[in-house]
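Undergrad: One structure follows; several queries about it will come next.
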Amino acid sequence: MPRVKPIPEMEEEAEEVRQEVEGASGAEGSPDAGAGGEEGAEEEEKEVSFDELGLDEQLKRALRKKGIAKATPIQQEAIPLILEGKDVVAKAKTGSGKTFAYLLPLLHDLLKLSSEGRIRKPAPNAFILVPTRELCQQVYNEASSLLEFCTSKLKVVQVTASMSDKDITVALSGPPNILVSTPACVATCISKGIMRGSSIKESLSMMILDEADLLLSYRCEDDLKALIPHIPRSCQSILMSATSSSDVDKLIKLLLHNPFVLTLTEVGRAKDDVIPKNVQQFWISCDAKDKMLHILALLKFELIQKKVLIFVNSIDAAFRLRLFLEKFGIRSAVLNAELPQNSRLHIIEAFNARLFDYLIATDDTKTKEDKQTDKENKKEARVSRKHLQQTLDAEFGVVRGIDFKNVFTVVNFDMPPDPAGYVHRIGRTGRANKTGASVSLVSEEESSIFEDIEHMLQEVENKDIDCISPFPLLTKDAVDSLRYRAQIEVSF
Ligand SMILES: Nc1ncnc2c1ncn2[C@@H]1O[C@H](COP(=O)(O)OP(=O)(O)OP(=O)(O)O)[C@@H](O)[C@H]1O
């Protein structure tokens, strides 16, 4: 049986790539929407420590304890502006560290007010609004993980629609300094009188809309409109988004006052990287019926580095793959939109806590009618940046924005339905400048989508060489050595 020792090699290569690009992928943000990005794009990436950003000592200690030393480009740009009290719109690619870009200045301000005894009550001082409960949990965890190391006690709570009115009332008693919630839930709290509009007017000093590009696709517009009359004019508003869209522009007009717009590595501009440079992309050509064997070989021979997020296109296929891997002693879990929300949260937390290393996710949340419409649209719209952008904005409910911790490899067991899906899937690795890899299993039937993806990557990244390389470490012998045993275990 061949024994391949690929990982150090891959790591070395990844490290080489990382070193090559360090300093080359400059921060592209600069004041003001129109003039903005262009100039900064050519700048060298600077290393900025959190000391230089003038943050509270307690927060700097918390970051050190978490092993975080340098600010990411979006943090370097956004933190000073937010600390100056400006309304800020920050558009930066997935995994670029947007959450700390707003949490750190928010906590800095609140720690300062608290130490001066100037905290305003009787409602929360800050709202962080996100589209889904998973994201509430994620932001709540990030805020709590910083506050854990602070001696001044600030209170952060999350409130979601699944809680009873009584639990929400208890959570909001005090009141907390920071409320993490969804627009719908806050609107309901106001309409039921659990939170009084007049109290919000008295207390609220900052409102953050995170994953703003998704908020409107989750039908939050009316809820946000219901909130507007209660937001004091003095309230500072921050909007974070991974992509630009007309929805984001609509939100900016609705809620922000003359904001400072930062655009870092925005999808859809030729000079930008859609996939971070620190992620190596590979593909393997194989028969559809041999895909399970291939994935087994990749995992069994440890040809890909853990943790691994595997994408399949149907829920049935995910369960089949999990059972198949289990027969070979490989423990994994499945994640899809049909699981109850509690289970989804539990699975994400367990994966992040490394209780298992392989997660099989299904990101296709579309209905049959949606797919039919897509098919018809696709006939007309060739893969273009515009099409990519539109799809990026509309999909990926279950995995979108979720910070799967320390995923090194993303595997496309099935190819995604379109290039936007590819971008979002691969965005789950290489987060905050970490290295990562992706491996796509491509059957003959999927060759046309694979070509579309290559075409999109070359076009967006302005290259005329292949962006996705053949995976060098898996031999036919390695796959065949497992074939017989696999056939005994399962008939597939
Ligand atoms: N300065 C930093 N150095 C190292 N890691 C960081 C830094 N800032 C944030 N991180 C980590 O990087 C990961 C990605 O950050 P975050 O979730 O904020 O990205 P994001 O831009 O919001 O992505 P998405 O749009 O997909 O939600 C998190 O695990 C976070 O803890």
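To be explicit about the labels: the chains of the structure tokens are called A, B, and onward in the order shown, and within each one the residues are counted from 1, while ligands get numbers from 1 in the order they are shown.
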Just the residues within 6 Å of region 305-307 of chain A, please, counting only C-alpha atoms, with nothing from its chain fewer than 5 positions along; format it as a list in words.
TA: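 Near region 305-307 of chain A, the qualifying residues are Asp357, Val407 and Phe408 of chain A.
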Undergrad: Those same residues, written as a PDB file, in the first residue's frame with N, CA and C atoms?
TA:
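And here is the file that came out, part13.pdb:
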```
ATOM      1  N   ASP A 357     -12.981  15.946  13.017  1.00  0.00           N
ATOM      2  CA  ASP A 357     -12.174  16.732  12.074  1.00  0.00           C
ATOM      3  C   ASP A 357     -12.797  16.874  10.695  1.00  0.00           C
ATOM      4  N   VAL A 407     -10.294  25.489   9.633  1.00  0.00           N
ATOM      5  CA  VAL A 407     -10.453  24.560   8.508  1.00  0.00           C
ATOM      6  C   VAL A 407      -9.247  24.746   7.609  1.00  0.00           C
ATOM      7  N   PHE A 408      -8.496  23.675   7.357  1.00  0.00           N
ATOM      8  CA  PHE A 408      -7.359  23.806   6.447  1.00  0.00           C
ATOM      9  C   PHE A 408      -7.808  23.494   5.020  1.00  0.00           C
TER      10      PHE A 408
END
```
Undergrad: Using 8 Å as the limit and counting only C-alpha atoms and all ligand atoms, can you tabulate each residue of chain A that touches ligand 1, with its shortest atom-to-atom distance in Å and the two atoms involved, as a tab-separated table?
TA:
```
residue	atom	partner	partner_atom_place_in_ligand_line	distance
A:Gly67	CA	ligand 1	4 (C)	7.7
A:Ile68	CA	ligand 1	3 (N)	4.8
A:Ala69	CA	ligand 1	3 (N)	6.3
A:Lys70	CA	ligand 1	1 (N)	5.0
A:Ala71	CA	ligand 1	1 (N)	3.9
A:Thr72	CA	ligand 1	1 (N)	4.7
A:Gln75	CA	ligand 1	1 (N)	7.1
A:Ala92	CA	ligand 1	21 (O)	6.5
A:Lys93	CA	ligand 1	25 (O)	6.0
A:Thr94	CA	ligand 1	25 (O)	3.5
A:Gly95	CA	ligand 1	23 (O)	3.4
A:Ser96	CA	ligand 1	21 (O)	3.8
A:Gly97	CA	ligand 1	18 (O)	3.5
A:Lys98	CA	ligand 1	21 (O)	3.9
A:Thr99	CA	ligand 1	18 (O)	3.7
A:Phe100	CA	ligand 1	18 (O)	5.7
A:Ala101	CA	ligand 1	18 (O)	7.4
A:Glu142	CA	ligand 1	31 (O)	7.1
A:Asp210	CA	ligand 1	22 (O)	8.0
A:Glu211	CA	ligand 1	25 (O)	6.6
A:Ser241	CA	ligand 1	25 (O)	6.7
A:Ala242	CA	ligand 1	25 (O)	5.0
A:Arg400	CA	ligand 1	26 (O)	6.5
A:Gly401	CA	ligand 1	27 (O)	3.6
A:Ile402	CA	ligand 1	27 (O)	5.8
A:Asp403	CA	ligand 1	17 (O)	5.0
A:Phe404	CA	ligand 1	29 (O)	7.5
A:Lys405	CA	ligand 1	29 (O)	5.7
A:Asn406	CA	ligand 1	29 (O)	7.5
A:Gly427	CA	ligand 1	26 (O)	6.9
A:Arg428	CA	ligand 1	26 (O)	7.0
A:Arg431	CA	ligand 1	14 (C)	5.2
A:Ala432	CA	ligand 1	12 (O)	4.4
A:Asn433	CA	ligand 1	4 (C)	7.3
A:Lys434	CA	ligand 1	4 (C)	8.0
```
Undergrad: Restrict the selected residues to N, CA, C and O atoms and save them as a tab-separated table (two decimals), in the first residue's frame.
TA:
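The resulting file, result_32.tsv, is shown below:
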```tsv
chain	number	residue	atom	x	y	z
A	67	GLY	N	-3.74	34.85	21.24
A	67	GLY	CA	-2.67	34.62	20.26
A	67	GLY	C	-2.79	35.52	19.03
A	67	GLY	O	-2.28	35.18	17.97
A	68	ILE	N	-3.50	36.63	19.18
A	68	ILE	CA	-3.68	37.52	18.03
A	68	ILE	C	-2.82	38.76	18.23
A	68	ILE	O	-2.98	39.49	19.21
A	69	ALA	N	-1.86	38.98	17.30
A	69	ALA	CA	-0.89	40.07	17.51
A	69	ALA	C	-1.09	41.23	16.54
A	69	ALA	O	-1.03	42.38	16.92
A	70	LYS	N	-1.34	40.90	15.27
A	70	LYS	CA	-1.39	41.95	14.25
A	70	LYS	C	-2.81	42.14	13.75
A	70	LYS	O	-3.56	41.16	13.59
A	71	ALA	N	-3.12	43.39	13.45
A	71	ALA	CA	-4.45	43.68	12.91
A	71	ALA	C	-4.50	43.30	11.43
A	71	ALA	O	-3.52	43.49	10.71
A	72	THR	N	-5.63	42.78	10.98
A	72	THR	CA	-5.79	42.51	9.55
A	72	THR	C	-6.04	43.85	8.84
A	72	THR	O	-6.37	44.85	9.50
A	75	GLN	N	-9.14	45.64	9.80
A	75	GLN	CA	-9.06	46.14	11.18
A	75	GLN	C	-8.20	47.40	11.26
A	75	GLN	O	-8.54	48.36	11.94
A	92	ALA	N	-15.34	43.91	2.92
A	92	ALA	CA	-14.09	43.16	2.84
A	92	ALA	C	-14.43	41.69	2.71
A	92	ALA	O	-15.44	41.22	3.22
A	93	LYS	N	-13.54	40.96	2.04
A	93	LYS	CA	-13.85	39.58	1.69
A	93	LYS	C	-14.07	38.70	2.93
A	93	LYS	O	-13.67	39.08	4.04
A	94	THR	N	-14.64	37.55	2.71
A	94	THR	CA	-14.92	36.62	3.80
A	94	THR	C	-13.62	36.26	4.51
A	94	THR	O	-12.58	36.12	3.87
A	95	GLY	N	-13.72	36.14	5.83
A	95	GLY	CA	-12.56	35.70	6.60
A	95	GLY	C	-11.52	36.78	6.82
A	95	GLY	O	-10.41	36.49	7.26
A	96	SER	N	-11.86	38.04	6.54
A	96	SER	CA	-10.85	39.10	6.66
A	96	SER	C	-10.81	39.73	8.05
A	96	SER	O	-10.04	40.66	8.28
A	97	GLY	N	-11.63	39.23	8.96
A	97	GLY	CA	-11.57	39.72	10.34
A	97	GLY	C	-12.51	40.89	10.61
A	97	GLY	O	-12.23	41.76	11.43
A	98	LYS	N	-13.67	40.88	9.94
A	98	LYS	CA	-14.59	42.02	10.09
A	98	LYS	C	-15.19	42.09	11.50
A	98	LYS	O	-15.49	43.16	11.99
A	99	THR	N	-15.36	40.93	12.14
A	99	THR	CA	-16.03	40.94	13.45
A	99	THR	C	-15.22	41.74	14.48
A	99	THR	O	-15.77	42.60	15.17
A	100	PHE	N	-13.91	41.46	14.55
A	100	PHE	CA	-13.09	42.24	15.50
A	100	PHE	C	-12.95	43.69	15.05
A	100	PHE	O	-12.70	44.56	15.87
A	101	ALA	N	-13.09	43.92	13.75
A	101	ALA	CA	-12.95	45.30	13.26
A	101	ALA	C	-14.00	46.21	13.90
A	101	ALA	O	-13.76	47.39	14.09
A	142	GLU	N	-17.56	35.52	20.08
A	142	GLU	CA	-16.36	36.35	19.86
A	142	GLU	C	-16.30	37.47	20.90
A	142	GLU	O	-15.24	37.72	21.49
A	210	ASP	N	-24.10	43.48	10.76
A	210	ASP	CA	-23.06	42.59	10.26
A	210	ASP	C	-23.66	41.68	9.19
A	210	ASP	O	-24.86	41.40	9.23
A	211	GLU	N	-22.83	41.20	8.28
A	211	GLU	CA	-23.30	40.39	7.15
A	211	GLU	C	-24.46	41.13	6.47
A	211	GLU	O	-25.49	40.54	6.14
A	241	SER	N	-19.89	44.11	5.38
A	241	SER	CA	-20.41	43.27	4.31
A	241	SER	C	-19.26	42.59	3.56
A	241	SER	O	-18.18	43.17	3.42
A	242	ALA	N	-19.50	41.38	3.08
A	242	ALA	CA	-18.45	40.69	2.31
A	242	ALA	C	-18.51	41.09	0.84
A	242	ALA	O	-17.52	40.98	0.14
A	400	ARG	N	-22.85	30.42	5.02
A	400	ARG	CA	-22.48	31.81	4.76
A	400	ARG	C	-22.14	32.53	6.06
A	400	ARG	O	-22.92	32.57	7.00
A	401	GLY	N	-20.93	33.10	6.09
A	401	GLY	CA	-20.54	33.91	7.25
A	401	GLY	C	-20.13	33.10	8.46
A	401	GLY	O	-19.64	33.65	9.43
A	402	ILE	N	-20.34	31.78	8.41
A	402	ILE	CA	-19.97	30.99	9.57
A	402	ILE	C	-18.45	30.84	9.60
A	402	ILE	O	-17.82	30.50	8.61
A	403	ASP	N	-17.91	31.11	10.77
A	403	ASP	CA	-16.46	31.02	10.93
A	403	ASP	C	-16.12	29.62	11.43
A	403	ASP	O	-16.03	29.38	12.62
A	404	PHE	N	-16.00	28.69	10.48
A	404	PHE	CA	-15.55	27.35	10.88
A	404	PHE	C	-14.10	27.50	11.28
A	404	PHE	O	-13.28	27.91	10.46
A	405	LYS	N	-13.79	27.19	12.53
A	405	LYS	CA	-12.44	27.48	13.03
A	405	LYS	C	-11.42	26.50	12.47
A	405	LYS	O	-11.63	25.29	12.49
A	406	ASN	N	-10.31	27.06	12.02
A	406	ASN	CA	-9.15	26.28	11.60
A	406	ASN	C	-9.42	25.19	10.57
A	406	ASN	O	-8.88	24.10	10.66
A	427	GLY	N	-14.01	30.07	0.65
A	427	GLY	CA	-13.84	31.12	1.67
A	427	GLY	C	-13.90	30.60	3.10
A	427	GLY	O	-13.65	31.35	4.05
A	428	ARG	N	-14.23	29.34	3.28
A	428	ARG	CA	-14.25	28.79	4.66
A	428	ARG	C	-12.84	28.40	5.11
A	428	ARG	O	-12.64	28.02	6.26
A	431	ARG	N	-8.75	31.75	6.31
A	431	ARG	CA	-9.34	32.93	6.95
A	431	ARG	C	-8.28	33.69	7.75
A	431	ARG	O	-7.38	33.10	8.32
A	432	ALA	N	-8.41	34.99	7.76
A	432	ALA	CA	-7.48	35.89	8.46
A	432	ALA	C	-6.03	35.53	8.15
A	432	ALA	O	-5.21	35.36	9.04
A	433	ASN	N	-5.73	35.37	6.87
A	433	ASN	CA	-4.36	35.14	6.39
A	433	ASN	C	-3.75	33.80	6.76
A	433	ASN	O	-2.56	33.59	6.61
A	434	LYS	N	-4.57	32.87	7.26
A	434	LYS	CA	-4.03	31.53	7.50
A	434	LYS	C	-3.88	30.83	6.15
A	434	LYS	O	-4.54	31.20	5.18
```
Undergrad: Find the residues near Lys289 (chain A): any atom within 12 Å, counting only C-alpha atoms, skip ones fewer than 3 places away on the same chain, and give them as number ranges by chain.
TA: A: 285-286, 292-295, 413-414, 441-445, 483, 487, 491-492
Undergrad: Those selected residues, please, written with N, CA and C atoms and delivered as a PDB file, in the first residue's frame.
TA:
```pdb
ATOM      1  N   SER A 285      -9.496  14.701 -11.342  1.00  0.00           N
ATOM      2  CA  SER A 285     -10.490  14.215 -12.287  1.00  0.00           C
ATOM      3  C   SER A 285     -10.853  12.784 -11.895  1.00  0.00           C
ATOM      4  N   CYS A 286     -12.129  12.496 -11.737  1.00  0.00           N
ATOM      5  CA  CYS A 286     -12.511  11.109 -11.410  1.00  0.00           C
ATOM      6  C   CYS A 286     -13.944  10.816 -11.842  1.00  0.00           C
ATOM      7  N   MET A 292     -16.452   8.455  -3.836  1.00  0.00           N
ATOM      8  CA  MET A 292     -16.319   8.033  -2.438  1.00  0.00           C
ATOM      9  C   MET A 292     -14.938   7.405  -2.202  1.00  0.00           C
ATOM     10  N   LEU A 293     -14.499   6.612  -3.191  1.00  0.00           N
ATOM     11  CA  LEU A 293     -13.171   5.991  -3.070  1.00  0.00           C
ATOM     12  C   LEU A 293     -12.084   7.054  -2.984  1.00  0.00           C
ATOM     13  N   HIS A 294     -12.236   8.056  -3.820  1.00  0.00           N
ATOM     14  CA  HIS A 294     -11.220   9.113  -3.825  1.00  0.00           C
ATOM     15  C   HIS A 294     -11.166   9.840  -2.492  1.00  0.00           C
ATOM     16  N   ILE A 295     -12.343  10.121  -1.966  1.00  0.00           N
ATOM     17  CA  ILE A 295     -12.311  10.861  -0.706  1.00  0.00           C
ATOM     18  C   ILE A 295     -11.772   9.971   0.409  1.00  0.00           C
ATOM     19  N   PHE A 413     -16.698  17.615  -2.881  1.00  0.00           N
ATOM     20  CA  PHE A 413     -17.008  16.239  -3.278  1.00  0.00           C
ATOM     21  C   PHE A 413     -17.867  16.319  -4.545  1.00  0.00           C
ATOM     22  N   ASP A 414     -18.877  17.185  -4.477  1.00  0.00           N
ATOM     23  CA  ASP A 414     -19.633  17.555  -5.685  1.00  0.00           C
ATOM     24  C   ASP A 414     -19.243  18.980  -6.013  1.00  0.00           C
ATOM     25  N   LEU A 441     -13.233  17.418  -6.563  1.00  0.00           N
ATOM     26  CA  LEU A 441     -13.352  16.172  -7.330  1.00  0.00           C
ATOM     27  C   LEU A 441     -14.254  16.464  -8.519  1.00  0.00           C
ATOM     28  N   VAL A 442     -13.718  16.307  -9.710  1.00  0.00           N
ATOM     29  CA  VAL A 442     -14.468  16.737 -10.895  1.00  0.00           C
ATOM     30  C   VAL A 442     -14.759  15.538 -11.792  1.00  0.00           C
ATOM     31  N   SER A 443     -16.040  15.224 -11.956  1.00  0.00           N
ATOM     32  CA  SER A 443     -16.415  14.131 -12.868  1.00  0.00           C
ATOM     33  C   SER A 443     -16.609  14.723 -14.266  1.00  0.00           C
ATOM     34  N   GLU A 444     -16.765  13.810 -15.234  1.00  0.00           N
ATOM     35  CA  GLU A 444     -16.918  14.310 -16.611  1.00  0.00           C
ATOM     36  C   GLU A 444     -18.139  15.213 -16.719  1.00  0.00           C
ATOM     37  N   GLU A 445     -19.219  14.817 -16.015  1.00  0.00           N
ATOM     38  CA  GLU A 445     -20.454  15.612 -16.088  1.00  0.00           C
ATOM     39  C   GLU A 445     -20.252  17.015 -15.519  1.00  0.00           C
ATOM     40  N   ARG A 483     -10.109  -0.102  -3.318  1.00  0.00           N
ATOM     41  CA  ARG A 483     -11.322  -0.426  -4.068  1.00  0.00           C
ATOM     42  C   ARG A 483     -11.974  -1.731  -3.585  1.00  0.00           C
ATOM     43  N   GLN A 487     -15.621  -2.153  -1.861  1.00  0.00           N
ATOM     44  CA  GLN A 487     -16.715  -2.888  -2.510  1.00  0.00           C
ATOM     45  C   GLN A 487     -17.330  -3.894  -1.552  1.00  0.00           C
ATOM     46  N   SER A 491     -21.945  -1.489  -1.398  1.00  0.00           N
ATOM     47  CA  SER A 491     -22.065  -1.590  -2.849  1.00  0.00           C
ATOM     48  C   SER A 491     -22.475  -0.210  -3.341  1.00  0.00           C
ATOM     49  N   PHE A 492     -21.627   0.379  -4.121  1.00  0.00           N
ATOM     50  CA  PHE A 492     -21.934   1.727  -4.615  1.00  0.00           C
ATOM     51  C   PHE A 492     -21.639   1.824  -6.107  1.00  0.00           C
TER      52      PHE A 492
END
```
Undergrad: When you look at Ile178 (chain A) with a cut-off of 10 Å (counting only C-alpha atoms), what residues show up, excluding the ones that are within fewer than 2 positions of it in the same chain? I need them as a list in words.
TA: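 So, after excluding close chain neighbours, the residues are Leu106, Leu107, Leu110, Ala123, Pro124, Asn125, Ala126, Phe127, Ile128, Tyr140, Ala143, Leu154, Lys155, Val156, Val157, Gln158, Leu172, Pro175, Pro176, Val180, Ser181, Leu204, Met206 and Met207 of chain A.
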Undergrad: Skipping near chain neighbours, those fewer than 6 positions away, what residues fall within 12 Å of Ala226 (chain A) using only C-alpha atoms, listed as a VMD selection string?
TA: chain A and resid 183 to 191 197 220 254 to 255
Undergrad: Could you save those same residues with N, CA, C and O atoms as a tab-separated table (two decimals), in the first residue's frame?
TA:
```
chain	number	residue	atom	x	y	z
A	183	PRO	N	-32.68	41.56	13.26
A	183	PRO	CA	-33.61	42.69	13.17
A	183	PRO	C	-35.03	42.27	13.53
A	183	PRO	O	-35.75	43.00	14.22
A	184	ALA	N	-35.45	41.09	13.09
A	184	ALA	CA	-36.82	40.64	13.36
A	184	ALA	C	-37.06	40.52	14.85
A	184	ALA	O	-38.11	40.93	15.37
A	185	CYS	N	-36.08	39.98	15.55
A	185	CYS	CA	-36.27	39.76	16.99
A	185	CYS	C	-36.32	41.10	17.74
A	185	CYS	O	-37.16	41.28	18.63
A	186	VAL	N	-35.46	42.04	17.35
A	186	VAL	CA	-35.49	43.34	18.04
A	186	VAL	C	-36.82	44.04	17.75
A	186	VAL	O	-37.46	44.60	18.65
A	187	ALA	N	-37.28	43.95	16.49
A	187	ALA	CA	-38.56	44.59	16.14
A	187	ALA	C	-39.69	43.99	16.97
A	187	ALA	O	-40.58	44.71	17.46
A	188	THR	N	-39.65	42.66	17.15
A	188	THR	CA	-40.70	42.01	17.95
A	188	THR	C	-40.63	42.48	19.40
A	188	THR	O	-41.65	42.73	20.04
A	189	CYS	N	-39.41	42.57	19.93
A	189	CYS	CA	-39.24	43.01	21.33
A	189	CYS	C	-39.85	44.41	21.51
A	189	CYS	O	-40.50	44.69	22.53
A	190	ILE	N	-39.66	45.26	20.51
A	190	ILE	CA	-40.21	46.62	20.63
A	190	ILE	C	-41.73	46.58	20.52
A	190	ILE	O	-42.45	47.16	21.33
A	191	SER	N	-42.22	45.82	19.54
A	191	SER	CA	-43.68	45.83	19.35
A	191	SER	C	-44.40	45.20	20.54
A	191	SER	O	-45.51	45.57	20.87
A	197	GLY	N	-39.13	51.76	23.12
A	197	GLY	CA	-38.49	52.63	22.14
A	197	GLY	C	-37.80	53.81	22.81
A	197	GLY	O	-36.68	54.19	22.44
A	220	CYS	N	-35.33	41.39	6.04
A	220	CYS	CA	-35.25	42.19	7.27
A	220	CYS	C	-35.63	43.64	7.06
A	220	CYS	O	-35.62	44.42	8.01
A	254	LEU	N	-30.65	53.74	4.09
A	254	LEU	CA	-31.71	53.66	5.10
A	254	LEU	C	-31.20	54.04	6.50
A	254	LEU	O	-31.88	54.71	7.27
A	255	LEU	N	-29.98	53.60	6.83
A	255	LEU	CA	-29.59	53.65	8.24
A	255	LEU	C	-28.35	54.47	8.57
A	255	LEU	O	-28.10	54.74	9.75
```
Undergrad: Between A:Ala297, A:Leu216, A:Leu81, A:Val439, which residue has the minimum interatomic distance to Asp477 (chain A), considering only C-alpha atoms?
TA: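 Looking only at the distances to Asp477 (chain A), the closest residue turns out to be A:Ala297.
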Undergrad: Which residues are near Leu104 (chain A)? Cut-off 8 Å, only C-alpha atoms, ignore same chain within fewer than 6 positions. Put them as a PyMOL selection string.
TA: chain A and resi 55+59+79
Undergrad: For Ser440 (chain A), work out the shell of residues within 7 Å, counting only C-alpha atoms and skipping chain neighbours fewer than 2 positions away, then give it as a PyMOL selection string.
TA: chain A and resi 282-284+411-413+415+438+442
Undergrad: Filtering to N, CA, C and O atoms, could you give me those residues as a tab-separated table (two decimals), in the first residue's frame?
TA:
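Dumped to out-v1.tsv:
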```
chain	number	residue	atom	x	y	z
A	282	PHE	N	-6.68	22.88	-5.79
A	282	PHE	CA	-6.35	21.68	-6.58
A	282	PHE	C	-7.62	21.04	-7.13
A	282	PHE	O	-8.72	21.28	-6.62
A	283	TRP	N	-7.43	20.19	-8.13
A	283	TRP	CA	-8.57	19.41	-8.60
A	283	TRP	C	-8.12	18.01	-8.95
A	283	TRP	O	-6.94	17.77	-9.23
A	284	ILE	N	-9.07	17.08	-8.89
A	284	ILE	CA	-8.80	15.68	-9.25
A	284	ILE	C	-9.90	15.26	-10.22
A	284	ILE	O	-11.09	15.46	-9.93
A	411	VAL	N	-13.09	20.50	0.64
A	411	VAL	CA	-13.19	19.54	-0.47
A	411	VAL	C	-14.54	19.72	-1.15
A	411	VAL	O	-15.57	19.74	-0.49
A	412	ASN	N	-14.52	19.87	-2.45
A	412	ASN	CA	-15.77	19.81	-3.22
A	412	ASN	C	-15.95	18.36	-3.66
A	412	ASN	O	-15.37	17.95	-4.67
A	413	PHE	N	-16.70	17.62	-2.88
A	413	PHE	CA	-17.01	16.24	-3.28
A	413	PHE	C	-17.87	16.32	-4.54
A	413	PHE	O	-17.64	15.61	-5.52
A	415	MET	N	-19.16	19.28	-7.28
A	415	MET	CA	-18.87	20.66	-7.64
A	415	MET	C	-20.09	21.53	-7.34
A	415	MET	O	-21.22	21.08	-7.45
A	438	SER	N	-7.77	23.76	-1.18
A	438	SER	CA	-9.05	23.21	-1.60
A	438	SER	C	-8.78	22.11	-2.61
A	438	SER	O	-7.81	22.20	-3.38
A	442	VAL	N	-13.72	16.31	-9.71
A	442	VAL	CA	-14.47	16.74	-10.90
A	442	VAL	C	-14.76	15.54	-11.79
A	442	VAL	O	-13.83	14.90	-12.31
```
Undergrad: Select from region 47-122 of chain A everything DSSP, run on the backbone, classes as alpha helix (DSSP H), then give the selection as a ChimeraX atom specification.
TA: /A:57-65,73-83,98-115
Undergrad: Go through region 122-285 of chain A and collect every residue that DSSP, computed from the backbone, puts in strand (DSSP E or B); the answer should be as an MDAnalysis selection string.
TA: chainID A and resid 126:129 156:159 178:181 206:209 236:241 260:264 279:285
Undergrad: Separation of CA of Arg133 (chain A) and CA of Leu345 (chain A), in Å?
TA: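 Going from CA of Arg133 (chain A) over to CA of Leu345 (chain A), I get 8.5 Å.
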Undergrad: So how far away is CA of Asp247 (chain A) from CA of Arg196 (chain A), in Å?
TA: 28.5 Å
